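A.B. asks: data_35.json is reproduced in full below (JSON, C-alpha atoms and all ligand atoms).
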[["chain", "number", "residue", "atom", "x", "y", "z"],
["A", 1, "MET", "CA", 14.24, 8.79, -14.09],
["A", 2, "ARG", "CA", 11.42, 8.59, -16.65],
["A", 3, "MET", "CA", 10.47, 4.97, -17.05],
["A", 4, "ILE", "CA", 7.86, 2.84, -18.77],
["A", 5, "LEU", "CA", 6.87, -0.67, -17.73],
["A", 6, "LEU", "CA", 5.75, -2.58, -20.80],
["A", 7, "GLY", "CA", 4.28, -6.07, -20.94],
["A", 8, "PRO", "CA", 1.09, -8.05, -21.43],
["A", 9, "PRO", "CA", -1.77, -7.83, -18.93],
["A", 10, "GLY", "CA", -0.76, -9.77, -15.84],
["A", 11, "ALA", "CA", 2.99, -9.58, -16.50],
["A", 12, "GLY", "CA", 3.51, -8.01, -13.09],
["A", 13, "LYS", "CA", 3.78, -4.36, -14.09],
["A", 14, "GLY", "CA", 1.65, -3.08, -11.22],
["A", 15, "THR", "CA", 3.34, -5.34, -8.67],
["A", 16, "GLN", "CA", 6.81, -4.21, -9.73],
["A", 17, "ALA", "CA", 5.80, -0.57, -10.06],
["A", 18, "ALA", "CA", 4.56, -0.43, -6.47],
["A", 19, "ASN", "CA", 7.98, -1.51, -5.15],
["A", 20, "LEU", "CA", 10.01, 0.50, -7.64],
["A", 21, "SER", "CA", 8.09, 3.68, -7.00],
["A", 22, "ILE", "CA", 9.14, 3.54, -3.33],
["A", 23, "ALA", "CA", 12.75, 2.57, -4.10],
["A", 24, "LEU", "CA", 13.21, 5.29, -6.74],
["A", 25, "LYS", "CA", 10.98, 7.92, -5.10],
["A", 26, "ILE", "CA", 9.03, 8.59, -8.28],
["A", 27, "PRO", "CA", 5.26, 8.37, -8.74],
["A", 28, "HIS", "CA", 3.63, 5.20, -10.08],
["A", 29, "ILE", "CA", 1.18, 6.25, -12.81],
["A", 30, "SER", "CA", -1.26, 3.56, -13.94],
["A", 31, "THR", "CA", -3.86, 4.55, -16.52],
["A", 32, "GLY", "CA", -5.81, 1.42, -15.52],
["A", 33, "ASP", "CA", -5.93, 2.63, -11.88],
["A", 34, "ILE", "CA", -7.07, 6.09, -13.05],
["A", 35, "PHE", "CA", -9.88, 4.52, -15.10],
["A", 36, "ARG", "CA", -10.95, 2.26, -12.22],
["A", 37, "ALA", "CA", -11.04, 5.20, -9.79],
["A", 38, "ASN", "CA", -13.29, 7.05, -12.27],
["A", 39, "ILE", "CA", -15.55, 4.02, -12.69],
["A", 40, "LYS", "CA", -15.91, 3.78, -8.90],
["A", 41, "GLU", "CA", -16.84, 7.47, -8.67],
["A", 42, "GLY", "CA", -19.22, 7.21, -11.61],
["A", 43, "THR", "CA", -17.65, 10.09, -13.56],
["A", 44, "PRO", "CA", -18.41, 10.51, -17.29],
["A", 45, "LEU", "CA", -14.87, 9.29, -18.02],
["A", 46, "GLY", "CA", -15.52, 6.19, -15.91],
["A", 47, "VAL", "CA", -18.81, 5.46, -17.70],
["A", 48, "LEU", "CA", -17.06, 5.71, -21.07],
["A", 49, "ALA", "CA", -13.98, 3.70, -20.05],
["A", 50, "LYS", "CA", -16.02, 0.86, -18.53],
["A", 51, "THR", "CA", -17.57, -0.15, -21.85],
["A", 52, "TYR", "CA", -14.12, -0.70, -23.36],
["A", 53, "ILE", "CA", -12.51, -2.25, -20.28],
["A", 54, "ASP", "CA", -15.29, -4.81, -19.78],
["A", 55, "ALA", "CA", -14.92, -5.86, -23.43],
["A", 56, "GLY", "CA", -11.14, -6.30, -23.14],
["A", 57, "LYS", "CA", -10.59, -3.44, -25.60],
["A", 58, "LEU", "CA", -8.51, -0.29, -25.24],
["A", 59, "VAL", "CA", -10.01, 3.03, -24.25],
["A", 60, "PRO", "CA", -9.66, 5.42, -27.26],
["A", 61, "ASP", "CA", -6.25, 7.06, -27.64],
["A", 62, "ASP", "CA", -7.40, 10.69, -27.45],
["A", 63, "VAL", "CA", -9.15, 10.06, -24.12],
["A", 64, "THR", "CA", -6.19, 8.18, -22.65],
["A", 65, "ILE", "CA", -3.60, 10.68, -23.87],
["A", 66, "GLY", "CA", -5.61, 13.56, -22.39],
["A", 67, "ILE", "CA", -5.55, 11.90, -18.98],
["A", 68, "VAL", "CA", -1.80, 11.34, -19.03],
["A", 69, "GLU", "CA", -1.14, 14.88, -20.23],
["A", 70, "LYS", "CA", -3.06, 16.22, -17.24],
["A", 71, "ARG", "CA", -1.40, 13.81, -14.80],
["A", 72, "LEU", "CA", 2.10, 14.86, -15.93],
["A", 73, "GLU", "CA", 1.35, 18.46, -14.94],
["A", 74, "ASN", "CA", 1.30, 17.33, -11.34],
["A", 75, "LYS", "CA", 4.31, 18.56, -9.34],
["A", 76, "ASP", "CA", 5.24, 15.06, -8.21],
["A", 77, "CYS", "CA", 6.44, 14.29, -11.76],
["A", 78, "VAL", "CA", 9.32, 16.78, -11.79],
["A", 79, "ASN", "CA", 11.94, 14.16, -10.93],
["A", 80, "GLY", "CA", 10.46, 11.46, -13.12],
["A", 81, "PHE", "CA", 7.72, 8.88, -13.19],
["A", 82, "LEU", "CA", 6.99, 5.22, -13.65],
["A", 83, "MET", "CA", 4.35, 4.62, -16.32],
["A", 84, "ASP", "CA", 2.42, 1.37, -15.89],
["A", 85, "GLY", "CA", 0.08, 0.44, -18.74],
["A", 86, "PHE", "CA", 0.77, 3.53, -20.83],
["A", 87, "PRO", "CA", 1.55, 3.87, -23.70],
["A", 88, "ARG", "CA", -0.36, 0.90, -25.13],
["A", 89, "THR", "CA", -0.51, 1.84, -28.83],
["A", 90, "ILE", "CA", 1.92, 3.38, -31.32],
["A", 91, "PRO", "CA", -0.10, 6.64, -31.54],
["A", 92, "GLN", "CA", -0.02, 6.90, -27.73],
["A", 93, "ALA", "CA", 3.77, 6.42, -27.74],
["A", 94, "GLU", "CA", 4.24, 9.05, -30.46],
["A", 95, "LYS", "CA", 2.03, 11.55, -28.64],
["A", 96, "PHE", "CA", 3.83, 10.80, -25.38],
["A", 97, "ASP", "CA", 7.22, 11.49, -26.97],
["A", 98, "ALA", "CA", 5.92, 14.77, -28.38],
["A", 99, "MET", "CA", 4.47, 15.72, -24.99],
["A", 100, "LEU", "CA", 7.77, 15.10, -23.21],
["A", 101, "GLU", "CA", 9.77, 16.84, -25.92],
["A", 102, "LYS", "CA", 7.73, 20.00, -25.36],
["A", 103, "MET", "CA", 8.86, 19.84, -21.73],
["A", 104, "GLY", "CA", 12.48, 19.28, -22.81],
["A", 105, "ARG", "CA", 12.35, 15.67, -21.58],
["A", 106, "SER", "CA", 12.38, 12.15, -22.97],
["A", 107, "VAL", "CA", 11.83, 8.57, -21.84],
["A", 108, "ASP", "CA", 15.02, 7.18, -20.23],
["A", 109, "LEU", "CA", 14.24, 3.49, -20.00],
["A", 110, "VAL", "CA", 11.56, 1.01, -21.07],
["A", 111, "ILE", "CA", 11.39, -2.27, -19.15],
["A", 112, "ASN", "CA", 9.65, -5.00, -21.10],
["A", 113, "ILE", "CA", 8.41, -7.73, -18.76],
["A", 114, "GLU", "CA", 8.08, -10.99, -20.71],
["A", 115, "VAL", "CA", 5.53, -13.63, -19.69],
["A", 116, "PRO", "CA", 3.94, -16.26, -22.00],
["A", 117, "ASP", "CA", 0.16, -16.23, -22.53],
["A", 118, "ASP", "CA", -0.63, -19.52, -20.75],
["A", 119, "LEU", "CA", 0.99, -18.34, -17.52],
["A", 120, "ILE", "CA", -0.91, -15.06, -17.72],
["A", 121, "VAL", "CA", -4.30, -16.75, -17.77],
["A", 122, "LYS", "CA", -3.30, -18.60, -14.57],
["A", 123, "ARG", "CA", -2.04, -15.47, -12.86],
["A", 124, "MET", "CA", -5.14, -13.45, -13.59],
["A", 125, "SER", "CA", -7.51, -15.99, -12.09],
["A", 126, "GLY", "CA", -5.80, -15.53, -8.71],
["A", 127, "ARG", "CA", -5.38, -11.75, -8.83],
["A", 128, "ARG", "CA", -6.95, -9.72, -6.04],
["A", 129, "MET", "CA", -6.98, -5.92, -6.08],
["A", 130, "CYS", "CA", -7.24, -3.09, -3.59],
["A", 131, "SER", "CA", -8.69, 0.30, -4.46],
["A", 132, "CYS", "CA", -5.42, 1.83, -3.13],
["A", 133, "GLY", "CA", -3.58, 0.32, -6.12],
["A", 134, "ARG", "CA", -1.96, -2.67, -4.36],
["A", 135, "THR", "CA", -2.23, -6.01, -6.12],
["A", 136, "TYR", "CA", -2.17, -9.49, -4.58],
["A", 137, "HIS", "CA", -2.38, -13.09, -5.69],
["A", 138, "VAL", "CA", -4.14, -15.81, -3.70],
["A", 139, "ASP", "CA", -1.12, -18.17, -4.00],
["A", 140, "ASN", "CA", 1.87, -16.16, -5.26],
["A", 141, "ASN", "CA", 1.48, -13.02, -3.17],
["A", 142, "PRO", "CA", -1.24, -13.42, -0.56],
["A", 143, "PRO", "CA", -2.07, -10.63, 1.92],
["A", 144, "GLN", "CA", -1.33, -11.32, 5.61],
["A", 145, "LYS", "CA", -5.05, -11.44, 6.38],
["A", 146, "GLU", "CA", -7.20, -13.14, 3.76],
["A", 147, "GLY", "CA", -9.16, -10.67, 1.63],
["A", 148, "ILE", "CA", -7.70, -7.58, 3.35],
["A", 149, "CYS", "CA", -5.06, -5.16, 2.01],
["A", 150, "ASP", "CA", -1.82, -5.13, 4.06],
["A", 151, "ALA", "CA", -1.20, -1.49, 3.18],
["A", 152, "CYS", "CA", -4.55, 0.15, 3.92],
["A", 153, "GLY", "CA", -6.88, -2.43, 5.49],
["A", 154, "ASN", "CA", -9.53, -2.18, 2.76],
["A", 155, "LYS", "CA", -11.34, -5.23, 1.40],
["A", 156, "LEU", "CA", -9.79, -6.80, -1.69],
["A", 157, "TYR", "CA", -11.89, -7.37, -4.80],
["A", 158, "ILE", "CA", -11.74, -9.38, -8.05],
["A", 159, "ARG", "CA", -11.57, -7.30, -11.23],
["A", 160, "GLU", "CA", -14.49, -7.98, -13.57],
["A", 161, "ASP", "CA", -12.14, -7.98, -16.55],
["A", 162, "ASP", "CA", -10.02, -10.74, -14.97],
["A", 163, "ARG", "CA", -12.49, -13.46, -15.93],
["A", 164, "GLU", "CA", -10.97, -15.90, -18.41],
["A", 165, "GLU", "CA", -12.90, -14.88, -21.57],
["A", 166, "THR", "CA", -12.02, -11.22, -21.05],
["A", 167, "VAL", "CA", -8.38, -12.04, -20.30],
["A", 168, "LYS", "CA", -8.16, -13.88, -23.64],
["A", 169, "GLU", "CA", -9.64, -10.83, -25.38],
["A", 170, "ARG", "CA", -7.14, -8.55, -23.58],
["A", 171, "LEU", "CA", -4.27, -10.77, -24.71],
["A", 172, "LYS", "CA", -5.49, -10.48, -28.30],
["A", 173, "THR", "CA", -5.62, -6.71, -27.92],
["A", 174, "TYR", "CA", -2.10, -6.77, -26.47],
["A", 175, "HIS", "CA", -0.63, -8.74, -29.37],
["A", 176, "GLN", "CA", -2.35, -6.59, -31.99],
["A", 177, "GLN", "CA", -1.96, -3.10, -30.56],
["A", 178, "THR", "CA", 0.62, -3.03, -27.76],
["A", 179, "SER", "CA", 3.39, -5.49, -28.68],
["A", 180, "PRO", "CA", 4.51, -3.30, -31.66],
["A", 181, "LEU", "CA", 5.81, -0.91, -28.98],
["A", 182, "ILE", "CA", 8.63, -3.37, -28.26],
["A", 183, "ASP", "CA", 10.14, -2.60, -31.66],
["A", 184, "TYR", "CA", 9.31, 1.09, -31.37],
["A", 185, "TYR", "CA", 11.43, 1.44, -28.21],
["A", 186, "LYS", "CA", 14.09, -1.06, -29.32],
["A", 187, "LYS", "CA", 14.81, 1.17, -32.31],
["A", 188, "LYS", "CA", 15.33, 4.08, -29.92],
["A", 189, "GLY", "CA", 17.85, 1.96, -27.97],
["A", 190, "ILE", "CA", 16.09, 2.35, -24.63],
["A", 191, "LEU", "CA", 14.39, -1.05, -24.27],
["A", 192, "VAL", "CA", 15.51, -3.83, -21.93],
["A", 193, "ASN", "CA", 13.84, -7.23, -21.54],
["A", 194, "VAL", "CA", 13.16, -8.84, -18.19],
["A", 195, "ASP", "CA", 12.09, -12.43, -17.56],
["A", 196, "GLY", "CA", 8.75, -12.04, -15.79],
["A", 197, "THR", "CA", 8.26, -15.75, -15.07],
["A", 198, "LYS", "CA", 10.54, -15.70, -12.03],
["A", 199, "SER", "CA", 9.36, -14.89, -8.51],
["A", 200, "ILE", "CA", 8.22, -11.37, -7.68],
["A", 201, "ASP", "CA", 11.36, -10.73, -5.58],
["A", 202, "ASP", "CA", 13.77, -12.10, -8.19],
["A", 203, "THR", "CA", 12.11, -9.96, -10.86],
["A", 204, "SER", "CA", 12.39, -6.88, -8.63],
["A", 205, "ARG", "CA", 16.08, -7.54, -8.08],
["A", 206, "GLU", "CA", 16.67, -7.97, -11.83],
["A", 207, "ILE", "CA", 14.91, -4.69, -12.59],
["A", 208, "LEU", "CA", 16.79, -2.75, -9.91],
["A", 209, "GLU", "CA", 20.07, -4.15, -11.23],
["A", 210, "LEU", "CA", 19.18, -3.03, -14.76],
["A", 211, "ILE", "CA", 18.36, 0.46, -13.53],
["A", 212, "LYS", "CA", 21.66, 0.66, -11.66],
["A", 213, "ASN", "CA", 23.58, -0.37, -14.78],
["A", 214, "HIS", "CA", 21.65, 2.11, -16.87],
["A", 215, "ALA", "CA", 22.34, 5.08, -14.58],
["A", 301, "LIG", "P1", -3.40, -4.78, -16.70],
["A", 301, "LIG", "O1", -2.62, -4.31, -15.51],
["A", 301, "LIG", "O2", -4.03, -6.09, -16.44],
["A", 301, "LIG", "O3", -2.63, -4.76, -17.97],
["A", 301, "LIG", "P2", -4.60, -2.18, -16.62],
["A", 301, "LIG", "O4", -5.06, -1.94, -15.23],
["A", 301, "LIG", "O5", -3.33, -1.58, -17.03],
["A", 301, "LIG", "O6", -4.59, -3.77, -16.87],
["A", 301, "LIG", "O7", -5.73, -1.75, -17.65],
["A", 301, "LIG", "C1", -7.06, -2.22, -17.53],
["A", 301, "LIG", "C2", -7.83, -1.78, -18.75],
["A", 301, "LIG", "O8", -7.88, -0.34, -18.81],
["A", 301, "LIG", "C3", -7.23, -2.21, -20.09],
["A", 301, "LIG", "O9", -7.62, -3.52, -20.46],
["A", 301, "LIG", "C4", -7.81, -1.14, -21.02],
["A", 301, "LIG", "O10", -9.16, -1.41, -21.34],
["A", 301, "LIG", "C5", -7.77, 0.11, -20.14],
["A", 301, "LIG", "N1", -6.50, 0.84, -20.32],
["A", 301, "LIG", "C6", -5.50, 0.97, -19.40],
["A", 301, "LIG", "N2", -4.47, 1.68, -19.89],
["A", 301, "LIG", "C7", -4.82, 2.00, -21.17],
["A", 301, "LIG", "C8", -4.17, 2.69, -22.23],
["A", 301, "LIG", "N3", -2.93, 3.21, -22.09],
["A", 301, "LIG", "N4", -4.84, 2.83, -23.40],
["A", 301, "LIG", "C9", -6.07, 2.34, -23.57],
["A", 301, "LIG", "N5", -6.73, 1.65, -22.64],
["A", 301, "LIG", "C10", -6.12, 1.47, -21.43],
["A", 302, "LIG", "P1", -0.06, -6.22, -14.51],
["A", 302, "LIG", "O1", -0.04, -4.92, -13.77],
["A", 302, "LIG", "O2", 1.06, -6.34, -15.49],
["A", 302, "LIG", "O3", -1.39, -6.52, -15.11],
["A", 302, "LIG", "P2", 0.03, -7.47, -11.85],
["A", 302, "LIG", "O4", 1.18, -6.80, -11.19],
["A", 302, "LIG", "O5", -1.32, -7.03, -11.44],
["A", 302, "LIG", "O6", 0.20, -7.40, -13.47],
["A", 302, "LIG", "O7", 0.17, -9.06, -11.65],
["A", 302, "LIG", "C1", -0.84, -9.95, -12.11],
["A", 302, "LIG", "C2", -1.05, -11.05, -11.04],
["A", 302, "LIG", "O8", 0.10, -11.90, -10.97],
["A", 302, "LIG", "C3", -1.24, -10.51, -9.62],
["A", 302, "LIG", "O9", -2.16, -11.35, -8.94],
["A", 302, "LIG", "C4", 0.15, -10.59, -9.00],
["A", 302, "LIG", "O10", 0.11, -10.75, -7.58],
["A", 302, "LIG", "C5", 0.74, -11.81, -9.69],
["A", 302, "LIG", "N1", 2.18, -11.70, -9.96],
["A", 302, "LIG", "C6", 2.88, -10.59, -10.32],
["A", 302, "LIG", "N2", 4.19, -10.87, -10.53],
["A", 302, "LIG", "C7", 4.33, -12.20, -10.31],
["A", 302, "LIG", "C8", 5.45, -13.11, -10.36],
["A", 302, "LIG", "N3", 6.69, -12.70, -10.70],
["A", 302, "LIG", "N4", 5.22, -14.41, -10.08],
["A", 302, "LIG", "C9", 3.98, -14.84, -9.75],
["A", 302, "LIG", "N5", 2.89, -14.05, -9.68],
["A", 302, "LIG", "C10", 3.05, -12.74, -9.95],
["A", 303, "ZN", "ZN", -5.02, -1.13, -0.10]]
Can you present the structure in this file as structure tokens?
C.D. replies:
Amino acid sequence: MRMILLGPPGAGKGTQAANLSIALKIPHISTGDIFRANIKEGTPLGVLAKTYIDAGKLVPDDVTIGIVEKRLENKDCVNGFLMDGFPRTIPQAEKFDAMLEKMGRSVDLVINIEVPDDLIVKRMSGRRMCSCGRTYHVDNNPPQKEGICDACGNKLYIREDDREETVKERLKTYHQQTSPLIDYYKKKGILVNVDGTKSIDDTSREILELIKNHA
């Protein structure tokens, strides 16, 4: 299964991907997580990406595409993958299609998680992250022990780009550059919409049902 999770920042892509990746036994690939790991390690890629991320803008396409191309070479992708936060522009989607075609593959399913802007601003203010990739919410999805990741025991942190002004900028970026992908994949007949305003568990169930029907 080669899947893409599409949706605005804070729609719940990362939360759903973590569960789905286990259920479907395919790797969860988040370009945002890759950038954050590079920022933490202070690599040249991290230094470059940080300037865009902190401004709520997208990292340039050629840089982002290069990262995904390299990641797809990993053996764990042979049976599929779950892309979270990539592609985010039409050129990225076109390059991604070309990349997969060269491997004799294509995207099977695009799940578009729909959440209105006002709800997103609320969600982001309560988001807490772990460096292992797990995501929590102080009210909607709290860890068992406050401030500590259930999965790995590390300390949770607040993303710098989750402050309200940056979230508003990221939403603008989403509407200008990423939302055209909805039509791009609709035209290919592989897009399904999911209501992302329901609870995390209800949304997971809806997505799993859609995947079952698709298969
Ligand atoms: P969210 O989960 O809130 O949508 P991500 O973790 O996916 O955020 O991404 C964080 C930031 O990393 C984005 O705001 C953007 O600056 C950068 N980024 C992530 N994926 C991409 C991409 N495919 N293209 C360009 N920039 C990206
Ligand atoms: P994305 O990866 O799309 O940016 P996340 O998965 O990080 O989104 O979710 C954003 C925030 O909203 C997190 O704090 C997460 O715990 C919370 N969240 C995710 N899905 C839901 C949901 N269905 N209902 C309420 N809160 C949610
Ligand atoms: Zn963790």
A.B. asks: For stretch 184-186 of chain A, find every residue with an atom within 12 Å (counting all atoms listed in the file), except residues of its own chain fewer than 4 positions away, and show them as a list in words.
C.D. replies: Met3, Ile4, Leu5, Leu6, Pro87, Arg88, Thr89, Ile90, Pro91, Gln92, Ala93, Glu94, Asp97, Ser106, Val107, Asp108, Leu109, Val110, Ile111, Asn112, Thr178, Ser179, Pro180, Ile190, Leu191, Val192 and Asn193 of chain A
A.B. asks: Residues within 10 Å of ligand LIG 302 (chain A) (all atoms listed in the file), as a PDB file with C-alpha atoms, keeping the file's coordinate frame?
C.D. replies:
ATOM      1  CA  LEU A   5       6.870  -0.670 -17.730  1.00  0.00           C
ATOM      2  CA  LEU A   6       5.750  -2.580 -20.800  1.00  0.00           C
ATOM      3  CA  GLY A   7       4.280  -6.070 -20.940  1.00  0.00           C
ATOM      4  CA  PRO A   8       1.090  -8.050 -21.430  1.00  0.00           C
ATOM      5  CA  PRO A   9      -1.770  -7.830 -18.930  1.00  0.00           C
ATOM      6  CA  GLY A  10      -0.760  -9.770 -15.840  1.00  0.00           C
ATOM      7  CA  ALA A  11       2.990  -9.580 -16.500  1.00  0.00           C
ATOM      8  CA  GLY A  12       3.510  -8.010 -13.090  1.00  0.00           C
ATOM      9  CA  LYS A  13       3.780  -4.360 -14.090  1.00  0.00           C
ATOM     10  CA  GLY A  14       1.650  -3.080 -11.220  1.00  0.00           C
ATOM     11  CA  THR A  15       3.340  -5.340  -8.670  1.00  0.00           C
ATOM     12  CA  GLN A  16       6.810  -4.210  -9.730  1.00  0.00           C
ATOM     13  CA  ALA A  17       5.800  -0.570 -10.060  1.00  0.00           C
ATOM     14  CA  ALA A  18       4.560  -0.430  -6.470  1.00  0.00           C
ATOM     15  CA  SER A  30      -1.260   3.560 -13.940  1.00  0.00           C
ATOM     16  CA  GLY A  32      -5.810   1.420 -15.520  1.00  0.00           C
ATOM     17  CA  ASP A  33      -5.930   2.630 -11.880  1.00  0.00           C
ATOM     18  CA  ASP A  84       2.420   1.370 -15.890  1.00  0.00           C
ATOM     19  CA  GLY A  85       0.080   0.440 -18.740  1.00  0.00           C
ATOM     20  CA  ILE A 113       8.410  -7.730 -18.760  1.00  0.00           C
ATOM     21  CA  GLU A 114       8.080 -10.990 -20.710  1.00  0.00           C
ATOM     22  CA  VAL A 115       5.530 -13.630 -19.690  1.00  0.00           C
ATOM     23  CA  LEU A 119       0.990 -18.340 -17.520  1.00  0.00           C
ATOM     24  CA  ILE A 120      -0.910 -15.060 -17.720  1.00  0.00           C
ATOM     25  CA  VAL A 121      -4.300 -16.750 -17.770  1.00  0.00           C
ATOM     26  CA  LYS A 122      -3.300 -18.600 -14.570  1.00  0.00           C
ATOM     27  CA  ARG A 123      -2.040 -15.470 -12.860  1.00  0.00           C
ATOM     28  CA  MET A 124      -5.140 -13.450 -13.590  1.00  0.00           C
ATOM     29  CA  SER A 125      -7.510 -15.990 -12.090  1.00  0.00           C
ATOM     30  CA  GLY A 126      -5.800 -15.530  -8.710  1.00  0.00           C
ATOM     31  CA  ARG A 127      -5.380 -11.750  -8.830  1.00  0.00           C
ATOM     32  CA  ARG A 128      -6.950  -9.720  -6.040  1.00  0.00           C
ATOM     33  CA  MET A 129      -6.980  -5.920  -6.080  1.00  0.00           C
ATOM     34  CA  GLY A 133      -3.580   0.320  -6.120  1.00  0.00           C
ATOM     35  CA  ARG A 134      -1.960  -2.670  -4.360  1.00  0.00           C
ATOM     36  CA  THR A 135      -2.230  -6.010  -6.120  1.00  0.00           C
ATOM     37  CA  TYR A 136      -2.170  -9.490  -4.580  1.00  0.00           C
ATOM     38  CA  HIS A 137      -2.380 -13.090  -5.690  1.00  0.00           C
ATOM     39  CA  VAL A 138      -4.140 -15.810  -3.700  1.00  0.00           C
ATOM     40  CA  ASP A 139      -1.120 -18.170  -4.000  1.00  0.00           C
ATOM     41  CA  ASN A 140       1.870 -16.160  -5.260  1.00  0.00           C
ATOM     42  CA  ASN A 141       1.480 -13.020  -3.170  1.00  0.00           C
ATOM     43  CA  PRO A 142      -1.240 -13.420  -0.560  1.00  0.00           C
ATOM     44  CA  PRO A 143      -2.070 -10.630   1.920  1.00  0.00           C
ATOM     45  CA  ILE A 158     -11.740  -9.380  -8.050  1.00  0.00           C
ATOM     46  CA  ASP A 162     -10.020 -10.740 -14.970  1.00  0.00           C
ATOM     47  CA  ASP A 195      12.090 -12.430 -17.560  1.00  0.00           C
ATOM     48  CA  GLY A 196       8.750 -12.040 -15.790  1.00  0.00           C
ATOM     49  CA  THR A 197       8.260 -15.750 -15.070  1.00  0.00           C
ATOM     50  CA  LYS A 198      10.540 -15.700 -12.030  1.00  0.00           C
ATOM     51  CA  SER A 199       9.360 -14.890  -8.510  1.00  0.00           C
ATOM     52  CA  ILE A 200       8.220 -11.370  -7.680  1.00  0.00           C
ATOM     53  CA  ASP A 201      11.360 -10.730  -5.580  1.00  0.00           C
ATOM     54  CA  ASP A 202      13.770 -12.100  -8.190  1.00  0.00           C
ATOM     55  CA  THR A 203      12.110  -9.960 -10.860  1.00  0.00           C
ATOM     56  CA  SER A 204      12.390  -6.880  -8.630  1.00  0.00           C
TER      57      SER A 204
END
A.B. asks: I'd like to know which of A:Val59, A:Ala215, A:Ile29, A:Cys152 is closest to ligand ZN 303 (chain A), using only C-alpha atoms and all ligand atoms.
C.D. replies: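 Nearest to ligand ZN 303 (chain A): A:Cys152.
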A.B. asks: At a cut-off of 8 Å and counting all atoms listed in the file, what residues surround ligand ZN 303 (chain A)? Please answer as an MDAnalysis selection string.
C.D. replies: chainID A and resid 129:134 148:156
A.B. asks: I need the chosen residues saved as a PDB file, in the frame of the given file, with C-alpha atoms.
C.D. replies:
ATOM      1  CA  MET A 129      -6.980  -5.920  -6.080  1.00  0.00           C
ATOM      2  CA  CYS A 130      -7.240  -3.090  -3.590  1.00  0.00           C
ATOM      3  CA  SER A 131      -8.690   0.300  -4.460  1.00  0.00           C
ATOM      4  CA  CYS A 132      -5.420   1.830  -3.130  1.00  0.00           C
ATOM      5  CA  GLY A 133      -3.580   0.320  -6.120  1.00  0.00           C
ATOM      6  CA  ARG A 134      -1.960  -2.670  -4.360  1.00  0.00           C
ATOM      7  CA  ILE A 148      -7.700  -7.580   3.350  1.00  0.00           C
ATOM      8  CA  CYS A 149      -5.060  -5.160   2.010  1.00  0.00           C
ATOM      9  CA  ASP A 150      -1.820  -5.130   4.060  1.00  0.00           C
ATOM     10  CA  ALA A 151      -1.200  -1.490   3.180  1.00  0.00           C
ATOM     11  CA  CYS A 152      -4.550   0.150   3.920  1.00  0.00           C
ATOM     12  CA  GLY A 153      -6.880  -2.430   5.490  1.00  0.00           C
ATOM     13  CA  ASN A 154      -9.530  -2.180   2.760  1.00  0.00           C
ATOM     14  CA  LYS A 155     -11.340  -5.230   1.400  1.00  0.00           C
ATOM     15  CA  LEU A 156      -9.790  -6.800  -1.690  1.00  0.00           C
TER      16      LEU A 156
END
A.B. asks: For the atom pair atom CA of A:Ile65 and atom CA of A:Leu171, what is the interatomic distance in Å to one decimal place?
C.D. replies: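 Computing it gives 21.5 Å between the two atoms.
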A.B. asks: Any idea what the distance is between atom C3 of ligand LIG 301 (chain A) and atom CA of A:Arg170?
C.D. replies: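 Taking atom C3 of ligand LIG 301 (chain A) as the start and atom CA of A:Arg170 as the end point, the length is 7.2 Å.
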A.B. asks: Expressed in Å to a single decimal, how great is the separation between atom CA of A:Ile53 and atom CA of A:Leu72?
C.D. replies: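 The value is 22.9 Å.
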A.B. asks: Let me make sure I understand: among A:Lys40, A:Lys70, A:Lys57, A:Lys145, which one has the smallest atom-to-atom distance to A:Lys168 if we use all atoms listed in the file?
C.D. replies: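 The shortest atom-to-atom distance to A:Lys168 comes from A:Lys57.
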A.B. asks: Under the rule that all atoms listed in the file are counted, which of A:Leu210, A:Ala49, A:Leu82, A:Met103 is the nearest residue to ligand LIG 301 (chain A)?
C.D. replies: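 Comparing A:Leu210, A:Ala49, A:Leu82, A:Met103 against ligand LIG 301 (chain A), the winner is A:Ala49.
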A.B. asks: Box time for ligand LIG 301 (chain A): axis-aligned, enclosing all its listed atoms, 3 Å extra on each side; report centre and edge lengths in Å to one decimal, as AutoDock Vina command-line options.
C.D. replies:
--center_x -5.9 --center_y -1.4 --center_z -19.4 --size_x 12.5 --size_y 15.3 --size_z 14.3
A.B. asks: Out of A:Gly66, A:Pro116, A:Pro44, A:Gly147, which residue has the shortest atom-to-atom distance to ligand LIG 301 (chain A) when counting all atoms listed in the file?
C.D. replies: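 Checking each of A:Gly66, A:Pro116, A:Pro44, A:Gly147 against ligand LIG 301 (chain A), counting all atoms listed in the file, the winner is A:Gly66.
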A.B. asks: Hey, which of A:Tyr174, A:Phe86, A:Phe96, A:Phe81 ends up closest to ligand LIG 301 (chain A)? Count only C-alpha atoms and all ligand atoms.
C.D. replies: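 The closest residue to ligand LIG 301 (chain A) is A:Phe86.
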A.B. asks: Counting only C-alpha atoms, select every polymer residue within 12 Å of (-13.4, -1.9, -22.3) as defined in the file's coordinates, and provide the selection as a ChimeraX atom specification.
C.D. replies: /A:32,35-36,39,46-60,160-162,166-167,169-170,173
A.B. asks: Excluding stretch 77-79 of chain A and its own-chain neighbours fewer than 5 positions away, which residues fall within 9 Å of it when counting all atoms listed in the file? Please give them as a ChimeraX atom specification.
C.D. replies: /A:1-2,25-27,71-72
A.B. asks: Any chance you can output those residues with C-alpha atoms as a PDB file, in the coordinates of the input?
C.D. replies:
ATOM      1  CA  MET A   1      14.240   8.790 -14.090  1.00  0.00           C
ATOM      2  CA  ARG A   2      11.420   8.590 -16.650  1.00  0.00           C
ATOM      3  CA  LYS A  25      10.980   7.920  -5.100  1.00  0.00           C
ATOM      4  CA  ILE A  26       9.030   8.590  -8.280  1.00  0.00           C
ATOM      5  CA  PRO A  27       5.260   8.370  -8.740  1.00  0.00           C
ATOM      6  CA  ARG A  71      -1.400  13.810 -14.800  1.00  0.00           C
ATOM      7  CA  LEU A  72       2.100  14.860 -15.930  1.00  0.00           C
TER       8      LEU A  72
END
